[in-house]
$ cat final_12.pdb   # PDB, C-alpha atoms (C1' of nucleotides)
ATOM      1  CA  MET A   1      -8.571   7.929  -1.839
ATOM      2  CA  LYS A   2      -7.669  11.483  -0.988
ATOM      3  CA  ASN A   3      -5.333  12.978   1.613
ATOM      4  CA  ASN A   4      -4.485  16.277   3.208
ATOM      5  CA  ILE A   5      -0.750  15.801   3.572
ATOM      6  CA  LYS A   6      -0.126  19.216   2.088
ATOM      7  CA  VAL A   7      -2.190  20.837   4.840
ATOM      8  CA  GLN A   8      -0.449  18.830   7.543
ATOM      9  CA  ARG A   9       2.903  19.887   6.130
ATOM     10  CA  ALA A  10       1.821  23.500   6.220
ATOM     11  CA  ILE A  11       0.714  23.189   9.855
ATOM     12  CA  HIS A  12       4.096  21.750  10.744
ATOM     13  CA  ASP A  13       5.963  24.019   8.356
ATOM     14  CA  MET A  14       7.675  21.220   6.505
ATOM     15  CA  THR A  15       8.715  20.932   2.872
ATOM     16  CA  GLN A  16       8.082  17.816   0.808
ATOM     17  CA  ALA A  17      11.776  17.056   1.167
ATOM     18  CA  ASP A  18      11.574  17.410   4.965
ATOM     19  CA  LEU A  19       8.696  14.995   5.194
ATOM     20  CA  ALA A  20      10.299  12.578   2.762
ATOM     21  CA  GLU A  21      13.450  12.434   4.817
ATOM     22  CA  LYS A  22      11.605  11.984   8.107
ATOM     23  CA  ILE A  23       9.647   8.993   6.920
ATOM     24  CA  GLY A  24      12.352   7.548   4.722
ATOM     25  CA  VAL A  25      11.054   7.898   1.177
ATOM     26  CA  SER A  26      12.026  10.008  -1.808
ATOM     27  CA  ARG A  27      10.725  13.519  -2.285
ATOM     28  CA  GLN A  28       8.990  12.436  -5.479
ATOM     29  CA  THR A  29       7.054   9.862  -3.526
ATOM     30  CA  ILE A  30       5.653  12.583  -1.274
ATOM     31  CA  ASN A  31       4.871  14.776  -4.242
ATOM     32  CA  ALA A  32       3.117  11.948  -6.063
ATOM     33  CA  MET A  33       1.081  11.113  -2.980
ATOM     34  CA  GLU A  34      -0.050  14.713  -2.595
ATOM     35  CA  LYS A  35      -1.016  14.807  -6.252
ATOM     36  CA  ASN A  36      -2.943  11.541  -5.883
ATOM     37  CA  LYS A  37      -0.752   9.757  -8.371
ATOM     38  CA  TYR A  38      -0.899   6.589  -6.325
ATOM     39  CA  VAL A  39      -2.023   4.954  -3.091
ATOM     40  CA  PRO A  40       0.752   4.620  -0.496
ATOM     41  CA  SER A  41       1.357   1.487   1.535
ATOM     42  CA  THR A  42      -0.143   1.207   4.996
ATOM     43  CA  VAL A  43       3.328   1.429   6.538
ATOM     44  CA  LEU A  44       3.862   4.771   4.850
ATOM     45  CA  SER A  45       0.508   6.208   5.865
ATOM     46  CA  LEU A  46       0.958   4.974   9.440
ATOM     47  CA  LYS A  47       4.339   6.676   9.588
ATOM     48  CA  ILE A  48       2.871   9.943   8.362
ATOM     49  CA  ALA A  49       0.022   9.793  10.868
ATOM     50  CA  LYS A  50       2.476   9.019  13.649
ATOM     51  CA  LEU A  51       4.720  11.901  12.656
ATOM     52  CA  PHE A  52       1.827  14.356  12.651
ATOM     53  CA  LYS A  53       0.402  12.803  15.821
ATOM     54  CA  ILE A  54      -3.134  12.449  14.504
ATOM     55  CA  PRO A  55      -5.294   9.475  13.502
ATOM     56  CA  LEU A  56      -4.611   8.088  10.063
ATOM     57  CA  GLU A  57      -8.250   8.621   9.156
ATOM     58  CA  ASP A  58      -7.748  12.360   9.678
ATOM     59  CA  ILE A  59      -5.207  12.401   6.848
ATOM     60  CA  PHE A  60      -6.375   9.714   4.405
ATOM     61  CA  PHE A  61      -9.966   9.446   3.223
ATOM     62  CA  LEU A  62     -11.728   6.745   1.270
ATOM     63  CA  GLU A  63     -13.816   7.924  -1.658
ATOM     64  CA  ASP A  64     -16.863   6.370  -3.231
ATOM     65  CA  GLU A  65     -14.887   4.869  -6.065
ATOM     66  CA  ASP A  66     -12.479   3.061  -3.738
TER      67      ASP A  66
ATOM     68  CA  MET B   1       4.029  -4.042  10.497
ATOM     69  CA  LYS B   2       1.694  -6.410  12.289
ATOM     70  CA  ASN B   3      -2.090  -6.696  12.361
ATOM     71  CA  ASN B   4      -4.857  -8.410  14.264
ATOM     72  CA  ILE B   5      -7.221  -9.065  11.394
ATOM     73  CA  LYS B   6      -7.653 -12.648  12.502
ATOM     74  CA  VAL B   7      -8.933 -11.483  15.888
ATOM     75  CA  GLN B   8     -11.286  -8.972  14.305
ATOM     76  CA  ARG B   9     -12.632 -11.693  12.027
ATOM     77  CA  ALA B  10     -13.238 -13.904  15.034
ATOM     78  CA  ILE B  11     -15.095 -11.111  16.846
ATOM     79  CA  HIS B  12     -17.306 -10.655  13.819
ATOM     80  CA  ASP B  13     -17.448 -14.387  13.037
ATOM     81  CA  MET B  14     -16.220 -14.005   9.486
ATOM     82  CA  THR B  15     -14.123 -16.334   7.374
ATOM     83  CA  GLN B  16     -11.214 -15.114   5.278
ATOM     84  CA  ALA B  17     -13.447 -15.568   2.251
ATOM     85  CA  ASP B  18     -16.198 -13.473   3.853
ATOM     86  CA  LEU B  19     -13.818 -10.633   4.551
ATOM     87  CA  ALA B  20     -12.220 -10.886   1.122
ATOM     88  CA  GLU B  21     -15.552 -10.581  -0.564
ATOM     89  CA  LYS B  22     -16.683  -7.652   1.584
ATOM     90  CA  ILE B  23     -13.652  -5.563   0.792
ATOM     91  CA  GLY B  24     -13.206  -6.739  -2.774
ATOM     92  CA  VAL B  25      -9.958  -8.717  -2.794
ATOM     93  CA  SER B  26      -9.092 -12.371  -3.189
ATOM     94  CA  ARG B  27      -9.152 -14.770  -0.260
ATOM     95  CA  GLN B  28      -5.426 -15.356  -0.681
ATOM     96  CA  THR B  29      -4.815 -11.659  -0.222
ATOM     97  CA  ILE B  30      -6.500 -11.786   3.189
ATOM     98  CA  ASN B  31      -4.596 -14.907   4.102
ATOM     99  CA  ALA B  32      -1.284 -13.367   3.067
ATOM    100  CA  MET B  33      -2.035 -10.218   5.047
ATOM    101  CA  GLU B  34      -2.811 -12.219   8.171
ATOM    102  CA  LYS B  35       0.405 -14.192   7.745
ATOM    103  CA  ASN B  36       2.348 -10.951   7.253
ATOM    104  CA  LYS B  37       3.410 -11.891   3.771
ATOM    105  CA  TYR B  38       3.049  -8.301   2.616
ATOM    106  CA  VAL B  39       1.952  -4.806   3.519
ATOM    107  CA  PRO B  40      -1.505  -3.916   2.202
ATOM    108  CA  SER B  41      -2.279  -0.619   0.512
ATOM    109  CA  THR B  42      -3.801   2.183   2.551
ATOM    110  CA  VAL B  43      -7.092   1.796   0.682
ATOM    111  CA  LEU B  44      -7.302  -1.819   1.761
ATOM    112  CA  SER B  45      -6.475  -1.134   5.395
ATOM    113  CA  LEU B  46      -8.931   1.771   5.501
ATOM    114  CA  LYS B  47     -11.654  -0.494   4.138
ATOM    115  CA  ILE B  48     -10.944  -3.117   6.772
ATOM    116  CA  ALA B  49     -10.984  -0.552   9.576
ATOM    117  CA  LYS B  50     -14.221   0.871   8.236
ATOM    118  CA  LEU B  51     -15.819  -2.554   8.030
ATOM    119  CA  PHE B  52     -14.886  -3.385  11.614
ATOM    120  CA  LYS B  53     -15.814   0.126  12.748
ATOM    121  CA  ILE B  54     -12.603   0.742  14.664
ATOM    122  CA  PRO B  55      -9.599   3.031  14.109
ATOM    123  CA  LEU B  56      -7.050   1.724  11.644
ATOM    124  CA  GLU B  57      -4.361   1.988  14.307
ATOM    125  CA  ASP B  58      -6.290  -0.566  16.380
ATOM    126  CA  ILE B  59      -5.783  -3.150  13.632
ATOM    127  CA  PHE B  60      -2.431  -2.285  12.043
ATOM    128  CA  PHE B  61       0.700  -1.614  14.101
ATOM    129  CA  LEU B  62       4.072  -0.247  13.114
ATOM    130  CA  GLU B  63       7.063  -2.186  14.374
ATOM    131  CA  ASP B  64      10.557  -0.989  15.139
ATOM    132  CA  GLU B  65      11.930  -2.287  11.849
ATOM    133  CA  ASP B  66       9.368  -0.368   9.785
TER     134      ASP B  66
ATOM    135  C1'  DT C   1     -14.832 -42.301   9.038
ATOM    136  C1'  DC C   2     -16.519 -39.426   5.527
ATOM    137  C1'  DT C   3     -17.443 -35.038   3.935
ATOM    138  C1'  DA C   4     -17.727 -30.084   3.736
ATOM    139  C1'  DT C   5     -15.734 -25.889   5.040
ATOM    140  C1'  DA C   6     -11.872 -23.127   6.364
ATOM    141  C1'  DT C   7      -7.145 -22.268   6.157
ATOM    142  C1'  DG C   8      -2.329 -22.546   4.430
ATOM    143  C1'  DT C   9       0.750 -22.331   0.643
ATOM    144  C1'  DA C  10       3.031 -21.785  -3.917
ATOM    145  C1'  DA C  11       4.091 -20.374  -8.692
ATOM    146  C1'  DA C  12       3.232 -17.396 -12.547
ATOM    147  C1'  DG C  13       1.612 -13.334 -14.129
ATOM    148  C1'  DT C  14      -0.208  -8.453 -14.016
ATOM    149  C1'  DT C  15      -0.525  -4.159 -11.906
ATOM    150  C1'  DT C  16       0.996  -0.613  -9.020
ATOM    151  C1'  DG C  17       4.172   1.552  -5.692
ATOM    152  C1'  DT C  18       8.727   3.598  -5.151
ATOM    153  C1'  DT C  19      13.421   5.151  -6.540
ATOM    154  C1'  DT C  20      16.614   7.569  -9.307
ATOM    155  C1'  DT C  21      17.915  11.065 -12.344
ATOM    156  C1'  DA C  22      16.985  15.033 -14.384
ATOM    157  C1'  DC C  23      14.666  18.923 -16.007
ATOM    158  C1'  DT C  24      10.932  22.708 -15.662
ATOM    159  C1'  DT C  25       8.016  25.846 -13.172
ATOM    160  C1'  DT C  26       6.571  28.351  -9.193
ATOM    161  C1'  DT C  27       7.234  31.111  -5.219
ATOM    162  C1'  DG C  28       9.236  34.254  -2.087
ATOM    163  C1'  DA C  29      12.884  37.070  -0.520
ATOM    164  C1'  DT C  30      16.407  40.380  -1.535
TER     165       DT C  30
ATOM    166  C1'  DA D   1      14.689  41.557 -11.712
ATOM    167  C1'  DT D   2      17.373  38.117  -9.819
ATOM    168  C1'  DC D   3      18.333  34.171  -7.194
ATOM    169  C1'  DA D   4      17.533  30.164  -4.305
ATOM    170  C1'  DA D   5      14.434  27.038  -2.530
ATOM    171  C1'  DA D   6      10.308  24.482  -3.247
ATOM    172  C1'  DA D   7       7.231  22.145  -5.992
ATOM    173  C1'  DG D   8       5.779  19.819 -10.300
ATOM    174  C1'  DT D   9       6.688  16.422 -13.726
ATOM    175  C1'  DA D  10       8.432  12.512 -16.526
ATOM    176  C1'  DA D  11      10.795   8.278 -17.993
ATOM    177  C1'  DA D  12      13.188   4.086 -16.876
ATOM    178  C1'  DA D  13      14.010   0.635 -13.798
ATOM    179  C1'  DC D  14      13.068  -2.132  -9.890
ATOM    180  C1'  DA D  15      10.301  -3.868  -5.896
ATOM    181  C1'  DA D  16       6.174  -5.090  -4.001
ATOM    182  C1'  DA D  17       1.091  -5.733  -4.003
ATOM    183  C1'  DC D  18      -2.493  -8.442  -5.709
ATOM    184  C1'  DT D  19      -4.858 -12.095  -8.750
ATOM    185  C1'  DT D  20      -5.576 -16.565 -10.477
ATOM    186  C1'  DT D  21      -5.226 -21.354 -10.344
ATOM    187  C1'  DA D  22      -4.363 -25.146  -7.989
ATOM    188  C1'  DC D  23      -3.406 -28.228  -4.426
ATOM    189  C1'  DA D  24      -2.532 -29.607   0.588
ATOM    190  C1'  DT D  25      -3.807 -29.565   5.348
ATOM    191  C1'  DA D  26      -6.798 -28.923   9.226
ATOM    192  C1'  DT D  27     -11.122 -28.921  11.647
ATOM    193  C1'  DA D  28     -15.634 -30.038  12.918
ATOM    194  C1'  DG D  29     -19.966 -32.234  12.329
ATOM    195  C1'  DA D  30     -22.945 -36.129  10.582
TER     196       DA D  30
END
$ encode --input "final_12.pdb" --output "structure tokens"
Amino acid sequence: MKNNIKVQRAIHDMTQADLAEKIGVSRQTINAMEKNKYVPSTVLSLKIAKLFKIPLEDIFFLEDED
Amino acid sequence: MKNNIKVQRAIHDMTQADLAEKIGVSRQTINAMEKNKYVPSTVLSLKIAKLFKIPLEDIFFLEDED
DNA sequence: TCTATATGTAAAGTTTGTTTTACTTTTGAT
DNA sequence: ATCAAAAGTAAAACAAACTTTACATATAGA
């Protein structure tokens, strides 16, 4: 799975720390997500989509190997 | 978080085992998800939304306590 | 009623997400 | 060139997802 969180942050002019605080996780969690170190929970991805006011599928994308 | 996987299964006339097999998890995982025993990963929820051909937010819902 | 299929549940174990702390590197502004 | 903020990274510890096995309950049809 891939994501474009970094782009969404740029659009909204937020740092990783900003986003982390808004959705209630650590900054490292945001960083690791952006670097595709792991797959976040559905609660987390729903919160991010809600914050950015766009469909979850516009931020997170399945890949062939998923 | 809540979900209406059971309803979607009914619409598509699928058993828990059917769904489990289609998205590549165990039947107990589907059962536990339906009974809100845990929060699935974003890959799993994306696969379910894709299978049912509806937006993820039409299946999984944030609650106030999330 | 008997049987097959679907669902619910539980415990143990493995894997993976997430936090915390802490340090390094990059970037941009002055 | 310097400084501060932002981003990258890493290890240890803990929490949660997910699997496997196994059994119990429900439901519907023959």
$ interface_residues --input "final_12.pdb" --of "chain C" --to "chain A" --cutoff "7 Å" --atoms "all atoms listed in the file" --output "list in words"
DG17, DT18 and DT19 of chain C
$ write_last_selection --input "final_12.pdb" --atoms "C-alpha atoms (C1' of nucleotides)" --output "short mmCIF file (atom, residue, chain, number, x, y, z; two decimals), in the coordinates of the input"
data_model
loop_
_atom_site.label_atom_id
_atom_site.label_comp_id
_atom_site.auth_asym_id
_atom_site.auth_seq_id
_atom_site.Cartn_x
_atom_site.Cartn_y
_atom_site.Cartn_z
"C1'" DG C 17 4.17 1.55 -5.69
"C1'" DT C 18 8.73 3.60 -5.15
"C1'" DT C 19 13.42 5.15 -6.54
#
$ resolve_selection --input "final_12.pdb" --expression "the PyMOL selection byres ((chain A) within 8 of (chain B))" --output "list in words"
Met1, Val39, Pro40, Ser41, Thr42, Val43, Ser45, Leu46, Lys47, Pro55, Leu56, Glu57, Leu62 and Asp66 of chain A
$ closest_residue --input "final_12.pdb" --among "A:Ile59, A:Ala17, A:Met33, A:Ile5" --to "chain D" --atoms "all atoms listed in the file"
A:Ala17
$ closest_residue --input "final_12.pdb" --among "A:Lys53, A:Gln16, A:Lys22, A:Asp64" --to "DA5 in chain D" --atoms "only C-alpha atoms (C1' of nucleotides)"
A:Gln16
$ interface_residues --input "final_12.pdb" --of "chain D" --to "chain A" --cutoff "10 Å" --atoms "only C-alpha atoms (C1' of nucleotides)" --output "MDAnalysis selection string"
chainID D and resid 5:9 16:17
$ atom_distance --input "final_12.pdb" --atom1 "C1' of DA10 in chain D" --atom2 "C1' of DC23 in chain C"
9.0 Å
$ resolve_selection --input "final_12.pdb" --expression "the PyMOL selection byres ((chain D and resi 29) around 12)" --output "MDAnalysis selection string"
(chainID C and resid 1:5) or (chainID D and resid 27:28 30)
$ residues_around --input "final_12.pdb" --residues "DA12 in chain D" --least-positions-apart "5" --cutoff "12 Å" --atoms "all atoms listed in the file" --output "tab-separated table (two decimals) with C-alpha atoms (C1' of nucleotides), keeping the file's coordinate frame"
chain	number	residue	atom	x	y	z
C	19	DT	C1'	13.42	5.15	-6.54
C	20	DT	C1'	16.61	7.57	-9.31
C	21	DT	C1'	17.92	11.06	-12.34
C	22	DA	C1'	16.98	15.03	-14.38
$ calpha_fit_and_write --input "final_12.pdb" --fixed "chain A" --moving "chain B" --output "mmCIF file with C-alpha atoms, in the coordinates of the input"
data_model
loop_
_atom_site.group_PDB
_atom_site.id
_atom_site.type_symbol
_atom_site.label_atom_id
_atom_site.label_comp_id
_atom_site.auth_asym_id
_atom_site.auth_seq_id
_atom_site.Cartn_x
_atom_site.Cartn_y
_atom_site.Cartn_z
ATOM 1 C CA MET B 1 -8.566 7.923 -1.843
ATOM 2 C CA LYS B 2 -7.673 11.493 -0.990
ATOM 3 C CA ASN B 3 -5.348 12.992 1.608
ATOM 4 C CA ASN B 4 -4.492 16.298 3.206
ATOM 5 C CA ILE B 5 -0.766 15.816 3.585
ATOM 6 C CA LYS B 6 -0.123 19.226 2.098
ATOM 7 C CA VAL B 7 -2.193 20.851 4.842
ATOM 8 C CA GLN B 8 -0.456 18.850 7.548
ATOM 9 C CA ARG B 9 2.909 19.888 6.134
ATOM 10 C CA ALA B 10 1.825 23.509 6.225
ATOM 11 C CA ILE B 11 0.706 23.193 9.856
ATOM 12 C CA HIS B 12 4.085 21.761 10.743
ATOM 13 C CA ASP B 13 5.974 24.040 8.335
ATOM 14 C CA MET B 14 7.683 21.210 6.509
ATOM 15 C CA THR B 15 8.721 20.929 2.886
ATOM 16 C CA GLN B 16 8.083 17.818 0.823
ATOM 17 C CA ALA B 17 11.776 17.052 1.176
ATOM 18 C CA ASP B 18 11.580 17.410 4.965
ATOM 19 C CA LEU B 19 8.698 14.988 5.182
ATOM 20 C CA ALA B 20 10.305 12.571 2.744
ATOM 21 C CA GLU B 21 13.438 12.429 4.794
ATOM 22 C CA LYS B 22 11.593 11.978 8.090
ATOM 23 C CA ILE B 23 9.647 8.985 6.891
ATOM 24 C CA GLY B 24 12.354 7.533 4.687
ATOM 25 C CA VAL B 25 11.064 7.884 1.126
ATOM 26 C CA SER B 26 12.037 10.008 -1.840
ATOM 27 C CA ARG B 27 10.743 13.539 -2.284
ATOM 28 C CA GLN B 28 8.994 12.480 -5.482
ATOM 29 C CA THR B 29 7.069 9.877 -3.541
ATOM 30 C CA ILE B 30 5.652 12.587 -1.275
ATOM 31 C CA ASN B 31 4.874 14.774 -4.244
ATOM 32 C CA ALA B 32 3.117 11.940 -6.058
ATOM 33 C CA MET B 33 1.091 11.103 -2.960
ATOM 34 C CA GLU B 34 -0.045 14.698 -2.580
ATOM 35 C CA LYS B 35 -1.023 14.810 -6.247
ATOM 36 C CA ASN B 36 -2.911 11.523 -5.862
ATOM 37 C CA LYS B 37 -0.714 9.748 -8.343
ATOM 38 C CA TYR B 38 -0.847 6.566 -6.291
ATOM 39 C CA VAL B 39 -1.997 4.941 -3.087
ATOM 40 C CA PRO B 40 0.750 4.639 -0.471
ATOM 41 C CA SER B 41 1.352 1.482 1.528
ATOM 42 C CA THR B 42 -0.137 1.186 4.996
ATOM 43 C CA VAL B 43 3.333 1.421 6.538
ATOM 44 C CA LEU B 44 3.873 4.764 4.861
ATOM 45 C CA SER B 45 0.511 6.193 5.867
ATOM 46 C CA LEU B 46 0.954 4.961 9.440
ATOM 47 C CA LYS B 47 4.336 6.676 9.601
ATOM 48 C CA ILE B 48 2.865 9.936 8.365
ATOM 49 C CA ALA B 49 0.005 9.786 10.864
ATOM 50 C CA LYS B 50 2.460 9.012 13.635
ATOM 51 C CA LEU B 51 4.707 11.897 12.658
ATOM 52 C CA PHE B 52 1.819 14.359 12.655
ATOM 53 C CA LYS B 53 0.394 12.806 15.822
ATOM 54 C CA ILE B 54 -3.138 12.460 14.492
ATOM 55 C CA PRO B 55 -5.305 9.475 13.511
ATOM 56 C CA LEU B 56 -4.622 8.090 10.062
ATOM 57 C CA GLU B 57 -8.264 8.623 9.143
ATOM 58 C CA ASP B 58 -7.759 12.364 9.681
ATOM 59 C CA ILE B 59 -5.215 12.408 6.849
ATOM 60 C CA PHE B 60 -6.371 9.715 4.417
ATOM 61 C CA PHE B 61 -9.976 9.441 3.224
ATOM 62 C CA LEU B 62 -11.747 6.741 1.277
ATOM 63 C CA GLU B 63 -13.824 7.922 -1.652
ATOM 64 C CA ASP B 64 -16.883 6.366 -3.215
ATOM 65 C CA GLU B 65 -14.895 4.864 -6.076
ATOM 66 C CA ASP B 66 -12.487 3.069 -3.734
#
$ atom_distance --input "final_12.pdb" --atom1 "C1' of DA13 in chain D" --atom2 "C1' of DA12 in chain C"
21.0 Å
$ resolve_selection --input "final_12.pdb" --expression "the PyMOL selection byres ((chain C and resi 8) around 8)" --output "JSON, numbers by chain"
{"B": [31], "C": [7, 9], "D": [25]}
$ axis_aligned_box --input "final_12.pdb" --around "range 12-16 of chain C" --padding-each-side "8 Å" --output "JSON"
{"center_x": 1.4, "center_y": -9.0, "center_z": -11.6, "size_x": 19.8, "size_y": 32.8, "size_z": 21.1}
$ build_atoms --input "final_12.pdb" --residues "range 34-55 of chain B" --atoms "N, CA, C and O atoms" --output "PDB file, in the coordinates of the input"
ATOM      1  N   GLU B  34      -2.815 -11.683   6.810  1.00  0.00           N
ATOM      2  CA  GLU B  34      -2.811 -12.219   8.171  1.00  0.00           C
ATOM      3  C   GLU B  34      -1.483 -12.883   8.504  1.00  0.00           C
ATOM      4  O   GLU B  34      -1.026 -12.828   9.648  1.00  0.00           O
ATOM      5  N   LYS B  35      -0.874 -13.503   7.513  1.00  0.00           N
ATOM      6  CA  LYS B  35       0.405 -14.192   7.745  1.00  0.00           C
ATOM      7  C   LYS B  35       1.592 -13.247   7.536  1.00  0.00           C
ATOM      8  O   LYS B  35       2.730 -13.692   7.452  1.00  0.00           O
ATOM      9  N   ASN B  36       1.299 -11.964   7.431  1.00  0.00           N
ATOM     10  CA  ASN B  36       2.348 -10.951   7.253  1.00  0.00           C
ATOM     11  C   ASN B  36       3.251 -11.201   6.049  1.00  0.00           C
ATOM     12  O   ASN B  36       4.457 -10.955   6.109  1.00  0.00           O
ATOM     13  N   LYS B  37       2.643 -11.663   4.979  1.00  0.00           N
ATOM     14  CA  LYS B  37       3.410 -11.891   3.771  1.00  0.00           C
ATOM     15  C   LYS B  37       3.668 -10.590   3.023  1.00  0.00           C
ATOM     16  O   LYS B  37       4.572 -10.483   2.235  1.00  0.00           O
ATOM     17  N   TYR B  38       2.791  -9.615   3.204  1.00  0.00           N
ATOM     18  CA  TYR B  38       3.049  -8.301   2.616  1.00  0.00           C
ATOM     19  C   TYR B  38       2.238  -7.202   3.286  1.00  0.00           C
ATOM     20  O   TYR B  38       1.327  -7.478   4.070  1.00  0.00           O
ATOM     21  N   VAL B  39       2.591  -5.995   2.957  1.00  0.00           N
ATOM     22  CA  VAL B  39       1.952  -4.806   3.519  1.00  0.00           C
ATOM     23  C   VAL B  39       0.832  -4.348   2.587  1.00  0.00           C
ATOM     24  O   VAL B  39       1.086  -4.028   1.440  1.00  0.00           O
ATOM     25  N   PRO B  40      -0.397  -4.312   3.068  1.00  0.00           N
ATOM     26  CA  PRO B  40      -1.505  -3.916   2.202  1.00  0.00           C
ATOM     27  C   PRO B  40      -1.468  -2.417   1.873  1.00  0.00           C
ATOM     28  O   PRO B  40      -0.807  -1.638   2.566  1.00  0.00           O
ATOM     29  N   SER B  41      -2.180  -2.035   0.859  1.00  0.00           N
ATOM     30  CA  SER B  41      -2.279  -0.619   0.512  1.00  0.00           C
ATOM     31  C   SER B  41      -3.139   0.094   1.543  1.00  0.00           C
ATOM     32  O   SER B  41      -3.905  -0.528   2.279  1.00  0.00           O
ATOM     33  N   THR B  42      -3.028   1.406   1.585  1.00  0.00           N
ATOM     34  CA  THR B  42      -3.801   2.183   2.551  1.00  0.00           C
ATOM     35  C   THR B  42      -5.297   2.085   2.264  1.00  0.00           C
ATOM     36  O   THR B  42      -6.108   2.078   3.187  1.00  0.00           O
ATOM     37  N   VAL B  43      -5.670   1.967   1.005  1.00  0.00           N
ATOM     38  CA  VAL B  43      -7.092   1.796   0.682  1.00  0.00           C
ATOM     39  C   VAL B  43      -7.625   0.519   1.312  1.00  0.00           C
ATOM     40  O   VAL B  43      -8.692   0.516   1.946  1.00  0.00           O
ATOM     41  N   LEU B  44      -6.876  -0.547   1.180  1.00  0.00           N
ATOM     42  CA  LEU B  44      -7.302  -1.819   1.761  1.00  0.00           C
ATOM     43  C   LEU B  44      -7.422  -1.739   3.277  1.00  0.00           C
ATOM     44  O   LEU B  44      -8.427  -2.172   3.847  1.00  0.00           O
ATOM     45  N   SER B  45      -6.429  -1.183   3.927  1.00  0.00           N
ATOM     46  CA  SER B  45      -6.475  -1.134   5.395  1.00  0.00           C
ATOM     47  C   SER B  45      -7.584  -0.207   5.875  1.00  0.00           C
ATOM     48  O   SER B  45      -8.254  -0.495   6.874  1.00  0.00           O
ATOM     49  N   LEU B  46      -7.820   0.883   5.138  1.00  0.00           N
ATOM     50  CA  LEU B  46      -8.931   1.771   5.501  1.00  0.00           C
ATOM     51  C   LEU B  46     -10.266   1.046   5.370  1.00  0.00           C
ATOM     52  O   LEU B  46     -11.156   1.195   6.210  1.00  0.00           O
ATOM     53  N   LYS B  47     -10.399   0.246   4.329  1.00  0.00           N
ATOM     54  CA  LYS B  47     -11.654  -0.494   4.138  1.00  0.00           C
ATOM     55  C   LYS B  47     -11.888  -1.489   5.269  1.00  0.00           C
ATOM     56  O   LYS B  47     -13.014  -1.657   5.734  1.00  0.00           O
ATOM     57  N   ILE B  48     -10.826  -2.141   5.694  1.00  0.00           N
ATOM     58  CA  ILE B  48     -10.944  -3.117   6.772  1.00  0.00           C
ATOM     59  C   ILE B  48     -11.320  -2.422   8.077  1.00  0.00           C
ATOM     60  O   ILE B  48     -12.217  -2.868   8.801  1.00  0.00           O
ATOM     61  N   ALA B  49     -10.669  -1.302   8.355  1.00  0.00           N
ATOM     62  CA  ALA B  49     -10.984  -0.552   9.576  1.00  0.00           C
ATOM     63  C   ALA B  49     -12.431  -0.068   9.547  1.00  0.00           C
ATOM     64  O   ALA B  49     -13.146  -0.137  10.550  1.00  0.00           O
ATOM     65  N   LYS B  50     -12.843   0.383   8.385  1.00  0.00           N
ATOM     66  CA  LYS B  50     -14.221   0.871   8.236  1.00  0.00           C
ATOM     67  C   LYS B  50     -15.223  -0.259   8.463  1.00  0.00           C
ATOM     68  O   LYS B  50     -16.224  -0.086   9.162  1.00  0.00           O
ATOM     69  N   LEU B  51     -14.929  -1.402   7.882  1.00  0.00           N
ATOM     70  CA  LEU B  51     -15.819  -2.554   8.030  1.00  0.00           C
ATOM     71  C   LEU B  51     -15.964  -2.954   9.491  1.00  0.00           C
ATOM     72  O   LEU B  51     -17.073  -3.229   9.968  1.00  0.00           O
ATOM     73  N   PHE B  52     -14.859  -2.975  10.210  1.00  0.00           N
ATOM     74  CA  PHE B  52     -14.886  -3.385  11.614  1.00  0.00           C
ATOM     75  C   PHE B  52     -15.237  -2.227  12.553  1.00  0.00           C
ATOM     76  O   PHE B  52     -15.311  -2.404  13.770  1.00  0.00           O
ATOM     77  N   LYS B  53     -15.404  -1.058  11.988  1.00  0.00           N
ATOM     78  CA  LYS B  53     -15.814   0.126  12.748  1.00  0.00           C
ATOM     79  C   LYS B  53     -14.874   0.466  13.899  1.00  0.00           C
ATOM     80  O   LYS B  53     -15.323   0.847  14.988  1.00  0.00           O
ATOM     81  N   ILE B  54     -13.587   0.341  13.664  1.00  0.00           N
ATOM     82  CA  ILE B  54     -12.603   0.742  14.664  1.00  0.00           C
ATOM     83  C   ILE B  54     -11.459   1.480  13.969  1.00  0.00           C
ATOM     84  O   ILE B  54     -11.293   1.350  12.759  1.00  0.00           O
ATOM     85  N   PRO B  55     -10.706   2.285  14.731  1.00  0.00           N
ATOM     86  CA  PRO B  55      -9.599   3.031  14.109  1.00  0.00           C
ATOM     87  C   PRO B  55      -8.581   2.089  13.457  1.00  0.00           C
ATOM     88  O   PRO B  55      -8.309   1.010  13.988  1.00  0.00           O
TER      89      PRO B  55
END
